[in-house]
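This is query-v2.cif (mmCIF, C-alpha atoms).
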data_input
loop_
_atom_site.label_atom_id
_atom_site.label_comp_id
_atom_site.auth_asym_id
_atom_site.auth_seq_id
_atom_site.Cartn_x
_atom_site.Cartn_y
_atom_site.Cartn_z
CA MET A 1 103.62 206.24 67.06
CA LEU A 2 103.08 202.50 66.84
CA ILE A 3 106.55 201.56 65.71
CA PHE A 4 107.98 204.01 68.26
CA SER A 5 106.04 202.13 70.95
CA VAL A 6 107.36 198.80 69.66
CA PHE A 7 110.92 200.06 69.92
CA LYS A 8 110.34 201.32 73.44
CA THR A 9 109.51 197.75 74.49
CA LEU A 10 112.74 196.52 72.92
CA THR A 11 115.24 198.46 75.01
CA ASP A 12 118.14 196.32 76.28
CA GLN A 13 117.70 193.86 73.42
CA GLU A 14 120.51 193.17 71.01
CA VAL A 15 119.65 194.43 67.53
CA THR A 16 121.40 194.86 64.21
CA VAL A 17 120.90 198.19 62.48
CA GLU A 18 121.54 198.27 58.73
CA LEU A 19 122.10 201.79 57.43
CA LYS A 20 121.44 203.23 54.00
CA ASN A 21 125.19 203.35 53.35
CA ASP A 22 125.27 199.54 53.77
CA LEU A 23 127.03 199.75 57.15
CA SER A 24 125.63 197.22 59.66
CA ILE A 25 126.01 197.77 63.39
CA VAL A 26 125.14 195.30 66.16
CA GLY A 27 124.46 196.69 69.61
CA THR A 28 122.17 196.86 72.61
CA LEU A 29 119.22 199.15 71.99
CA LYS A 30 119.37 201.76 74.71
CA SER A 31 116.86 204.35 73.62
CA VAL A 32 114.68 205.53 70.79
CA ASP A 33 112.76 208.74 70.12
CA GLN A 34 109.84 210.04 68.07
CA PHE A 35 112.05 210.34 64.95
CA LEU A 36 113.14 206.72 65.46
CA ASN A 37 116.67 207.97 66.18
CA ILE A 38 118.40 205.04 67.87
CA LYS A 39 121.01 204.87 70.60
CA LEU A 40 123.08 201.70 70.76
CA GLU A 41 125.58 200.61 73.40
CA ASN A 42 128.45 198.16 73.14
CA ILE A 43 128.47 198.26 69.40
CA ARG A 44 130.26 196.06 66.94
CA VAL A 45 130.51 196.85 63.26
CA LEU A 46 129.79 193.86 61.05
CA ASP A 47 132.54 193.39 58.47
CA GLU A 48 135.01 195.18 60.75
CA GLU A 49 137.93 194.94 58.35
CA ARG A 50 136.29 197.14 55.78
CA HIS A 51 135.20 199.65 58.42
CA PRO A 52 137.99 200.33 60.92
CA HIS A 53 136.64 203.88 61.26
CA MET A 54 134.72 203.08 64.44
CA VAL A 55 137.19 200.95 66.41
CA ALA A 56 137.28 203.45 69.30
CA VAL A 57 133.49 203.84 69.45
CA LYS A 58 131.51 201.80 71.97
CA ASN A 59 128.22 203.72 72.03
CA CYS A 60 126.54 205.64 69.28
CA PHE A 61 123.53 207.65 68.25
CA ILE A 62 122.07 206.83 64.83
CA ARG A 63 119.86 209.32 63.01
CA GLY A 64 116.50 207.71 62.22
CA SER A 65 116.50 208.96 58.61
CA VAL A 66 119.55 206.87 57.67
CA VAL A 67 118.27 203.52 58.92
CA ARG A 68 117.29 200.96 56.30
CA TYR A 69 116.50 197.99 58.60
CA VAL A 70 116.51 197.12 62.29
CA GLN A 71 116.95 193.37 62.74
CA LEU A 72 115.32 192.06 65.93
CA PRO A 73 115.33 188.74 67.72
CA LYS A 74 112.23 186.79 66.70
CA ALA A 75 111.10 186.23 70.26
CA ALA A 76 111.27 189.92 71.10
CA VAL A 77 108.00 190.88 69.46
CA ASP A 78 104.56 189.32 69.83
CA THR A 79 103.56 189.48 66.18
CA GLN A 80 99.87 188.74 66.89
CA LEU A 81 99.66 191.66 69.28
CA LEU A 82 101.47 193.83 66.77
CA GLU A 83 99.13 192.82 63.96
CA ASP A 84 96.08 193.63 66.10
CA ALA A 85 97.52 196.97 67.13
CA THR A 86 98.27 197.77 63.49
CA ARG A 87 94.72 196.95 62.45
CA ARG A 88 93.33 199.19 65.18
CA GLU A 89 95.66 202.03 64.30
CA SER A 90 94.86 201.80 60.62
CA SER A 91 91.11 201.75 61.25
CA ASN A 92 91.53 204.80 63.51
CA GLN A 93 93.47 206.51 60.73
CA SER A 94 90.78 205.82 58.14
CA LYS A 95 88.01 207.00 60.50
CA ARG A 96 89.81 210.37 60.75
CA MET B 1 114.25 210.44 74.26
CA ALA B 2 117.49 209.43 72.56
CA ALA B 3 119.23 212.67 73.46
CA LEU B 4 122.81 213.63 72.82
CA ALA B 5 123.17 215.26 76.22
CA GLN B 6 125.23 212.29 77.36
CA TYR B 7 127.92 213.13 74.80
CA ILE B 8 128.34 216.83 75.61
CA ASP B 9 131.98 217.83 76.23
CA LYS B 10 133.09 214.37 75.13
CA GLN B 11 135.04 213.38 72.03
CA VAL B 12 132.63 212.20 69.36
CA LEU B 13 133.01 210.75 65.91
CA ILE B 14 130.51 211.91 63.32
CA ILE B 15 129.89 210.04 60.11
CA THR B 16 128.29 212.31 57.53
CA GLN B 17 125.91 211.29 54.79
CA ASP B 18 128.61 211.77 52.15
CA GLY B 19 130.84 209.32 54.03
CA ARG B 20 133.21 211.67 55.86
CA THR B 21 134.49 210.96 59.36
CA ILE B 22 134.82 213.98 61.64
CA VAL B 23 136.13 213.78 65.20
CA GLY B 24 135.69 216.58 67.71
CA GLU B 25 134.39 217.63 71.10
CA LEU B 26 130.60 217.91 71.18
CA LYS B 27 129.68 221.37 72.40
CA GLY B 28 126.03 221.64 71.41
CA PHE B 29 123.13 220.03 69.59
CA ASP B 30 119.44 220.57 68.93
CA GLN B 31 116.25 218.70 68.03
CA THR B 32 117.15 218.44 64.36
CA THR B 33 120.55 216.96 65.31
CA ASN B 34 122.49 220.06 64.23
CA VAL B 35 125.76 219.71 66.10
CA ILE B 36 128.57 221.99 67.24
CA LEU B 37 132.05 220.49 67.46
CA SER B 38 135.16 222.14 68.79
CA HIS B 39 138.74 221.19 67.85
CA SER B 40 137.36 219.08 65.05
CA VAL B 41 139.44 217.06 62.66
CA GLU B 42 138.45 215.15 59.54
CA ARG B 43 139.96 211.68 59.24
CA VAL B 44 140.44 210.84 55.59
CA TYR B 45 140.79 207.12 54.91
CA SER B 46 142.26 205.56 51.78
CA MET B 47 143.55 202.24 50.52
CA ASP B 48 146.84 203.75 49.36
CA GLU B 49 148.08 205.60 52.41
CA GLY B 50 147.40 205.92 56.14
CA VAL B 51 144.70 208.09 57.64
CA ARG B 52 145.16 211.79 56.97
CA GLU B 53 143.87 214.18 59.63
CA ASP B 54 142.72 217.60 58.39
CA GLU B 55 142.28 220.27 61.06
CA LEU B 56 138.85 221.94 60.92
CA GLY B 57 138.54 223.86 64.19
CA LEU B 58 135.11 224.97 65.42
CA TYR B 59 132.44 223.39 63.24
CA VAL B 60 128.66 223.41 62.95
CA VAL B 61 127.39 220.30 61.21
CA ARG B 62 123.81 220.52 60.00
CA GLY B 63 121.60 217.66 61.18
CA ASP B 64 120.48 216.75 57.64
CA ASN B 65 124.00 215.64 56.86
CA ILE B 66 124.55 213.38 59.84
CA THR B 67 124.45 209.60 59.70
CA LEU B 68 125.84 208.63 63.06
CA ILE B 69 127.37 210.17 66.17
CA GLY B 70 129.65 207.85 68.14
CA GLU B 71 131.16 208.39 71.56
CA VAL B 72 134.93 207.99 71.23
CA ASP B 73 136.61 205.96 73.92
CA GLU B 74 139.76 208.09 74.25
CA ALA B 75 141.79 205.28 75.82
CA ILE B 76 141.25 203.11 72.75
CA ASP B 77 141.61 206.02 70.34
CA LYS B 78 145.09 206.79 71.69
CA THR B 79 146.26 203.27 70.89
CA ILE B 80 145.20 203.45 67.24
CA ASP B 81 148.06 203.85 64.80
CA LEU B 82 146.36 205.94 62.15
CA ALA B 83 149.31 205.74 59.76
CA SER B 84 148.91 201.99 59.41
CA ILE B 85 145.18 201.89 58.62
CA ARG B 86 144.13 201.19 55.07
CA ALA B 87 140.43 201.32 54.34
CA ASP B 88 137.96 202.36 51.74
CA PRO B 89 136.05 205.52 52.53
CA ILE B 90 132.55 204.89 53.88
CA ALA B 91 129.82 204.78 51.24
CA GLU B 92 127.42 207.67 50.99
CA ILE B 93 123.84 207.42 52.17
CA VAL B 94 121.35 206.67 49.43
CA HIS B 95 117.79 207.44 50.51
#

Just give me the structure as structure tokens.
Amino acid sequence: MLIFSVFKTLTDQEVTVELKNDLSIVGTLKSVDQFLNIKLENIRVLDEERHPHMVAVKNCFIRGSVVRYVQLPKAAVDTQLLEDATRRESSNQSKR
Amino acid sequence: MAALAQYIDKQVLIITQDGRTIVGELKGFDQTTNVILSHSVERVYSMDEGVREDELGLYVVRGDNITLIGEVDEAIDKTIDLASIRADPIAEIVH
């Protein structure tokens, strides 16, 4: 739930999604769901020459299970807040 | 909720986990990302020859096998000369 909440605050930011097939896609994060499926708009494939497959695609839906990394702008996340929230969540988890 | 409702009745491009590219009209989907495509076509890319399009017809693609679903901009897609594209097939997903 925590990371889902983090992504919800990041909508309309430009992110780079690296997939488990080594494809990297830059785009504006439009929405995310509980499975961390991601919707990007205005996408650009990094290393376009090797991947002309998606030239006609401007928006896409990426299945959460195939994402390796989501690269975010540094300023987009308050890491202190995130650390505190993580500590609280993990102490809640261990109490249960 | 990152739903696929936006793409219904539109041309979509599906990349599967084994690296295939399938283009078709999105007719249905569900929570596990199972997808129904009509008039689907597989685009087979290679370094030796242009893109080969294999007709598939009405297809159900199971959600487990899906990497990405892209909305095809038909205006741009019409301008692509598939016969001139040389590319390696997309790598398969390694979990």

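Using all atoms listed in the file, the nearest neighbour of chain A within the list B:Asp9, B:Gln31, B:Ser38, B:Gly57 is B:Gln31.
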
Next on the checklist: One number please: atom CA of B:Asp77 to atom CA of A:Glu18, in Å, one decimal.
Outcome noted: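 Interatomic distance, atom CA of B:Asp77 to atom CA of A:Glu18: 24.4 Å.
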
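You can rank B:Leu4, B:Lys10, B:Gly63, B:Gly24 by their closest distance to B:Arg43 using all atoms listed in the file, and at the top of that list sits B:Gly24.
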
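Nearest to A:Thr9 of all the residues A:Val66, A:Val32, A:Ile25, A:Ala56 is A:Val32, counting all atoms listed in the file.
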
Item to check | Exercise: residues within 6 Å of coordinate (121.4, 202.3, 71.7), counting all atoms listed in the file, as a list in words | outcome: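 These residues have at least one counted atom within 6 Å: Thr28, Leu29, Lys30, Ser31, Ile38, Lys39, Leu40 and Glu41 of chain A.
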
Item to check | Residue among A:Ser24, A:Arg63, A:Val17, A:Lys8 lying closest to chain B, counting all atoms listed in the file | outcome: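 Under the stated criterion, the closest residue is A:Arg63.
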
Item to check | Residues in the PyMOL selection byres ((chain B) within 9 of (chain A)), expressed as a PyMOL selection string | outcome: chain B and resi 1-4+12-13+17+19+21+33+43+45+63-64+66-78+80+85-95

Checklist entry - Which distance in Å separates atom CA of B:Ile36 and atom CA of A:Gly27, to one decimal? => result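 Interatomic distance, atom CA of B:Ile36 to atom CA of A:Gly27: 25.7 Å.
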
Next on the checklist: Please report the interatomic distance between atom CA of B:Ser46 and atom CA of B:Asn65 in Å with one decimal.
Outcome noted: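 Between these atoms lies a distance of 21.5 Å.
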
Checklist entry - So, counting all atoms listed in the file, which residue among B:Leu56, B:Val61, B:Ile22, B:Val44 is closest to B:Leu82? => result B:Val44

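Residue selection for this entry, given the PyMOL selection byres ((chain B and resi 55) around 9), comprises His39, Ser40, Val41, Glu42, Glu53, Asp54, Leu56 and Gly57 of chain B.
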
Next on the checklist: Env of A:Ala85: 9 Å cut, atoms = only C-alpha atoms, seq-sep filter 5 positions within chain, self excluded. Answer as a list in words.
Outcome noted: Leu2, Gln80 and Ser90 of chain A
